[in-house]
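Structure first, then comments.
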Amino acid sequence: MNKGMFARSIGLLGEDNFNLIQEKVIAVFGLGGVGGTALEALARTGFQYFLIIDFDKVDVSNLNRQILYTNKDVNKNKVDAAKERILAINPDADIISFNIKAQDFDFNQKIDFIVDAIDDTEGKLFILKKAQEYNIPQIMSLGMANRFNPEEVKVAKLNQTHNDPLAKKMRYMAKQMALDISQINVVISEELPQKNGEKLFSTMMVPSTSGLIIAKYILKRIMDN
């Protein structure tokens, strides 16, 4: 590992904490505006072991907000483009990619933290169930589309959420599965959606803020334990 690249991370975190995060395996589900920023922020901080899970391809409409991709990546599998991006930043990173849906992922392997940045409610519920079954810490991003103000994004528990149709649906589904929603960590925007309807719109600011907050949350949780 080229420690010179991470000299400023080490200076801020301390050598012991930096060595600690070097050992952790982070599973990132969803490599869009939220998950992509979380992944890149963690990699640039010094995390080096990642499992990345996404079944989608890069679309030209992603380029206004999804940090991992450029025009050269359009029509590539997101996991392939994301792996290429992170290895271009840190060639020593260890990344295993899965071009599958969350529901097809095998959790029976070493995972120290789960990032849920997918949109599919069934997939999110599956991740929650597996996180509790395998006792893996998790954080879930909720609705970031149709919002404009990054200052309204914060960490909460699922039972503390409001102003978000996705959060409402997840609260209901989690209760139906007898999951304790007071123990489910989420990143939520408290801003009311600026547009209604089935079509989702966004710029980079709100989803990327969610990704950065997720990265900071994971870093702090690991260093505090």
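Letters A, B, ... go to the chains of the structure tokens in the order shown; residues in each chain start at 1; ligands are counted from 1 in the same order.
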Find the nearest atom pair between each residue of region 89-116 of chain A and region 130-140 of chain A for residues within 8 Å, count only C-alpha atoms, give distances in Å to one decimal, sort rows by chain and ascending number, and present the table as a tab-separated table.
residue	atom	partner	partner_atom	distance
A:Phe107	CA	A:Lys130	CA	7.0
A:Ile111	CA	A:Ile136	CA	7.0
A:Asp112	CA	A:Ile136	CA	6.2
A:Phe113	CA	A:Pro137	CA	5.1
A:Ile114	CA	A:Gln138	CA	4.5
A:Val115	CA	A:Ile139	CA	5.4
A:Asp116	CA	A:Met140	CA	4.6
**Report entry** Close residues, Ile52 (chain A) itself excluded, 12 Å, only C-alpha atoms, min 5 positions apart in chain, as a PyMOL selection string
**Finding:** chain A and resi 25-32+35-36+38-40+77-84+86+94-102+105+111+114-118
Query raised in the report: What residues in region 7-218 of chain A get the DSSP label helix (DSSP H, G or I)? Please answer as a PyMOL selection string.
Result: chain A and resi 7-13+15-23+33-45+60-64+71-73+78-89+102-104+121-133+150-152+158-160+165-176+181-183+205-218
Query raised in the report: Counting only C-alpha atoms, which of A:Tyr217, A:Phe201, A:Phe18, A:Phe47 gets nearest to Asn62 (chain A)?
Result: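 Among the listed residues, the smallest separation from Asn62 (chain A) belongs to A:Phe201.
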**Report entry** Residue list (strand (DSSP E), DSSP) for region 74-132 of chain A, as a list in words
**Finding:**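 Filtering region 74-132 of chain A to strand (DSSP E) leaves Asp94, Ile95, Ile96, Ser97, Phe98, Phe113, Ile114, Val115 and Asp116 of chain A.
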